[in-house]
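Colleague: I have a structure I would like to understand better, so I am pasting it below and will then ask my questions one at a time.
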Amino acid sequence: MQFRPRVRFDWGPTGAADLAEGLDLAVVVDVLSFTTTLTVAVQRGITVLPYPWRDDGAAAYAAERDAVLAVGRFEAREGGPATVSLSPAAMAQAHGVNRVVLPSPNGSSICSALAETGATVVGACLRNRAAVARWLAPRLSQGQTVAVVAAGERWPDGSLRPAVEDLWGAGAILSALDLGDASPEARMAAAAFRAVEPHRAAELAACASGRELVTAGFAEDVEVAGELDVADVVPVLDGGEFRPVTN
């Protein structure tokens, strides 16, 4: 368990739960791809409803809330170009969609769990790094606490697989904040981003998650996820729905 500075960092759902005590603000980072797709959608005026995973109840959940259910990338290929999916590149091209349920076993699950603690939950990625940091800064100066959570991936046995792209994404947010009262873990994440920043696009494509997507034909998703500070929107979870706050 980390000591309780005002700026904290950890991994996955277990790390998020460990940091939740006394927490005011929680920033969830899932670069490939939940929070990147979320940011693309919210900037386009689409309300996003996170859902822990695509189970038998997902379709009913979406129908009850008058929302479109996003599917996985491969399912979207079978459904055609109009199908809404977890792909950020595809979300950028979606038309006629006002509300979308976005299932994810990592980023979405962590967002939902953190919201239950009473913390204000924000979705962040490389694309909206500066906007999120600007939104956080005055709240930190007022004495609020923030935890930045790297979602990570899952091994086949369900355990956490730390994903370096989420370390970089979390570090991007942290590197833009005042880290005077930050945990060593938070400072480490910020340093990791600073080290990779000049080469982030190439490194993102070369990391394990990036290679998986490129090999599967989703190189454009990696390119979209690697763009830095191109979105001015801050997706904030309110009543189970992500809505935009702009700076």
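Here's how to read the names in the structure tokens: chain A, B, ... by the order shown, residue numbers from 1 in each chain, ligand numbers from 1 in the order shown.
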When you look at region 109-124 of chain A with a cut-off of 7 Å (counting only C-alpha atoms), what residues show up, excluding the ones that are within fewer than 3 positions of it in the same chain? I need them as a PDB file with N, CA and C atoms, in the first residue's frame.
Modeller:
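Ended up saving to out-v1.pdb:
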```pdb
ATOM      1  N   PRO A  13      -7.450  -2.938 -11.723  1.00  0.00           N
ATOM      2  CA  PRO A  13      -8.559  -2.811 -10.772  1.00  0.00           C
ATOM      3  C   PRO A  13      -8.114  -2.951  -9.319  1.00  0.00           C
ATOM      4  N   ALA A  20      -8.160   4.018  -3.578  1.00  0.00           N
ATOM      5  CA  ALA A  20      -9.459   4.698  -3.531  1.00  0.00           C
ATOM      6  C   ALA A  20      -9.743   5.407  -2.214  1.00  0.00           C
ATOM      7  N   LEU A  23     -10.036   9.371  -1.844  1.00  0.00           N
ATOM      8  CA  LEU A  23      -9.728   9.876  -3.184  1.00  0.00           C
ATOM      9  C   LEU A  23     -10.822  10.812  -3.689  1.00  0.00           C
ATOM     10  N   ASP A  24     -10.403  11.941  -4.267  1.00  0.00           N
ATOM     11  CA  ASP A  24     -11.358  12.878  -4.861  1.00  0.00           C
ATOM     12  C   ASP A  24     -11.512  12.653  -6.363  1.00  0.00           C
ATOM     13  N   LEU A  25     -10.398  12.431  -7.048  1.00  0.00           N
ATOM     14  CA  LEU A  25     -10.386  12.358  -8.505  1.00  0.00           C
ATOM     15  C   LEU A  25      -9.645  11.107  -8.953  1.00  0.00           C
ATOM     16  N   ALA A  26     -10.202  10.411  -9.922  1.00  0.00           N
ATOM     17  CA  ALA A  26      -9.572   9.216 -10.467  1.00  0.00           C
ATOM     18  C   ALA A  26      -9.474   9.358 -11.979  1.00  0.00           C
ATOM     19  N   VAL A  27      -8.265   9.223 -12.504  1.00  0.00           N
ATOM     20  CA  VAL A  27      -8.025   9.324 -13.941  1.00  0.00           C
ATOM     21  C   VAL A  27      -7.656   7.938 -14.448  1.00  0.00           C
ATOM     22  N   VAL A  28      -8.461   7.391 -15.344  1.00  0.00           N
ATOM     23  CA  VAL A  28      -8.238   6.048 -15.868  1.00  0.00           C
ATOM     24  C   VAL A  28      -7.654   6.154 -17.271  1.00  0.00           C
ATOM     25  N   VAL A  29      -6.590   5.379 -17.505  1.00  0.00           N
ATOM     26  CA  VAL A  29      -5.873   5.426 -18.785  1.00  0.00           C
ATOM     27  C   VAL A  29      -5.820   4.026 -19.387  1.00  0.00           C
ATOM     28  N   THR A  35      -9.966   4.249 -23.366  1.00  0.00           N
ATOM     29  CA  THR A  35     -10.064   5.692 -23.122  1.00  0.00           C
ATOM     30  C   THR A  35      -9.736   6.511 -24.371  1.00  0.00           C
ATOM     31  N   TYR A  51     -19.299  -0.172 -19.850  1.00  0.00           N
ATOM     32  CA  TYR A  51     -19.893  -1.450 -19.432  1.00  0.00           C
ATOM     33  C   TYR A  51     -18.741  -2.420 -19.203  1.00  0.00           C
ATOM     34  N   PRO A  52     -18.755  -3.170 -18.087  1.00  0.00           N
ATOM     35  CA  PRO A  52     -17.587  -3.983 -17.735  1.00  0.00           C
ATOM     36  C   PRO A  52     -17.114  -4.942 -18.815  1.00  0.00           C
ATOM     37  N   SER A 104     -15.626  -2.979 -22.007  1.00  0.00           N
ATOM     38  CA  SER A 104     -14.185  -3.173 -21.913  1.00  0.00           C
ATOM     39  C   SER A 104     -13.888  -3.883 -20.605  1.00  0.00           C
ATOM     40  N   PRO A 105     -13.075  -4.948 -20.637  1.00  0.00           N
ATOM     41  CA  PRO A 105     -12.767  -5.657 -19.397  1.00  0.00           C
ATOM     42  C   PRO A 105     -11.745  -4.930 -18.544  1.00  0.00           C
ATOM     43  N   ASN A 106     -11.119  -3.917 -19.105  1.00  0.00           N
ATOM     44  CA  ASN A 106     -10.049  -3.222 -18.385  1.00  0.00           C
ATOM     45  C   ASN A 106     -10.479  -1.802 -18.022  1.00  0.00           C
ATOM     46  N   ASN A 128      -5.853  13.543 -25.165  1.00  0.00           N
ATOM     47  CA  ASN A 128      -6.386  14.647 -24.355  1.00  0.00           C
ATOM     48  C   ASN A 128      -5.537  14.914 -23.117  1.00  0.00           C
ATOM     49  N   ARG A 129      -4.273  14.551 -23.162  1.00  0.00           N
ATOM     50  CA  ARG A 129      -3.362  14.702 -22.025  1.00  0.00           C
ATOM     51  C   ARG A 129      -3.373  16.114 -21.459  1.00  0.00           C
ATOM     52  N   VAL A 132      -6.785  17.226 -19.858  1.00  0.00           N
ATOM     53  CA  VAL A 132      -7.019  16.614 -18.551  1.00  0.00           C
ATOM     54  C   VAL A 132      -6.134  17.265 -17.490  1.00  0.00           C
ATOM     55  N   VAL A 234     -12.495  16.717 -21.852  1.00  0.00           N
ATOM     56  CA  VAL A 234     -12.256  15.903 -20.657  1.00  0.00           C
ATOM     57  C   VAL A 234     -13.521  15.087 -20.395  1.00  0.00           C
ATOM     58  N   PRO A 235     -13.509  13.784 -20.661  1.00  0.00           N
ATOM     59  CA  PRO A 235     -14.702  12.962 -20.398  1.00  0.00           C
ATOM     60  C   PRO A 235     -14.833  12.669 -18.894  1.00  0.00           C
ATOM     61  N   VAL A 236     -15.925  13.109 -18.290  1.00  0.00           N
ATOM     62  CA  VAL A 236     -16.173  12.913 -16.865  1.00  0.00           C
ATOM     63  C   VAL A 236     -17.390  12.002 -16.701  1.00  0.00           C
ATOM     64  N   LEU A 237     -17.259  10.986 -15.854  1.00  0.00           N
ATOM     65  CA  LEU A 237     -18.335  10.032 -15.635  1.00  0.00           C
ATOM     66  C   LEU A 237     -19.337  10.591 -14.636  1.00  0.00           C
TER      67      LEU A 237
END
```
Colleague: Can you pull out every residue within 10 Å of region 185-187 of chain A, counting only C-alpha atoms, but drop anything in the same chain fewer than 2 positions away, and send it as a list in words?
Modeller: Gln2, Pro5, Val7, Arg8, Phe9, Asp10, Ala147, Val148, Val149, Leu167, Ala170, Gly171, Ile173, Leu174, Ser175, Leu179, Gly180, Asp181, Ala182, Ser183, Ala189, Ala190, Ala191 and Ala192 of chain A
Colleague: Could you dump the residues just selected with C-alpha atoms as a short mmCIF file (atom, residue, chain, number, x, y, z; two decimals), in the first residue's frame?
Modeller:
```cif
data_model
loop_
_atom_site.label_atom_id
_atom_site.label_comp_id
_atom_site.auth_asym_id
_atom_site.auth_seq_id
_atom_site.Cartn_x
_atom_site.Cartn_y
_atom_site.Cartn_z
CA GLN A 2 1.34 3.44 -0.95
CA PRO A 5 0.23 11.78 -1.19
CA VAL A 7 -0.97 12.54 -6.53
CA ARG A 8 -0.91 8.74 -6.86
CA PHE A 9 -0.38 6.07 -9.50
CA ASP A 10 -1.11 2.35 -9.71
CA ALA A 147 -5.03 8.81 -8.59
CA VAL A 148 -3.95 8.03 -12.14
CA VAL A 149 -4.65 4.38 -12.93
CA LEU A 167 2.30 3.48 -18.28
CA ALA A 170 -0.55 7.76 -17.29
CA GLY A 171 2.91 9.29 -17.24
CA ILE A 173 -0.86 13.12 -17.56
CA LEU A 174 1.43 13.10 -14.54
CA SER A 175 4.29 14.83 -16.37
CA LEU A 179 4.37 16.52 -8.61
CA GLY A 180 5.50 18.22 -5.41
CA ASP A 181 3.23 15.93 -3.38
CA ALA A 182 3.36 12.82 -5.53
CA SER A 183 4.19 9.20 -4.79
CA ALA A 189 5.45 7.03 -14.53
CA ALA A 190 6.07 10.67 -15.47
CA ALA A 191 9.73 9.92 -16.09
CA ALA A 192 8.82 6.93 -18.27
#
```
Colleague: What parts of region 25-245 of chain A does DSSP call strand (DSSP E)? I'd like the answer as a PyMOL selection string.
Modeller: chain A and resi 25-29+47-51+68-69+99-103+120-124+146-150+153-154+160-161+233-238+241-245
Colleague: So which bits of region 83-189 of chain A end up alpha helix (DSSP H) when you DSSP the backbone, as a PyMOL selection string?
Modeller: chain A and resi 88-91+107-115+129-141+164-175+184-189
Colleague: Could you name the residues that touch Ser33 (chain A) at 7 Å or less, counting only C-alpha atoms, but leaving out those on the same chain fewer than 3 positions away, as an MDAnalysis selection string?
Modeller: chainID A and resid 30 36:37 86:88
Colleague: With a distance cut-off of 7 Å and only C-alpha atoms, select the neighbouring residues of Leu69 (chain A), excluding the residue or stretch itself and same-chain residues fewer than 4 positions from it, and output the selection as a list in words.
Modeller: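 My list of contacting residues is Ala59, Ala62, Val100, Val101 and Leu102 of chain A.
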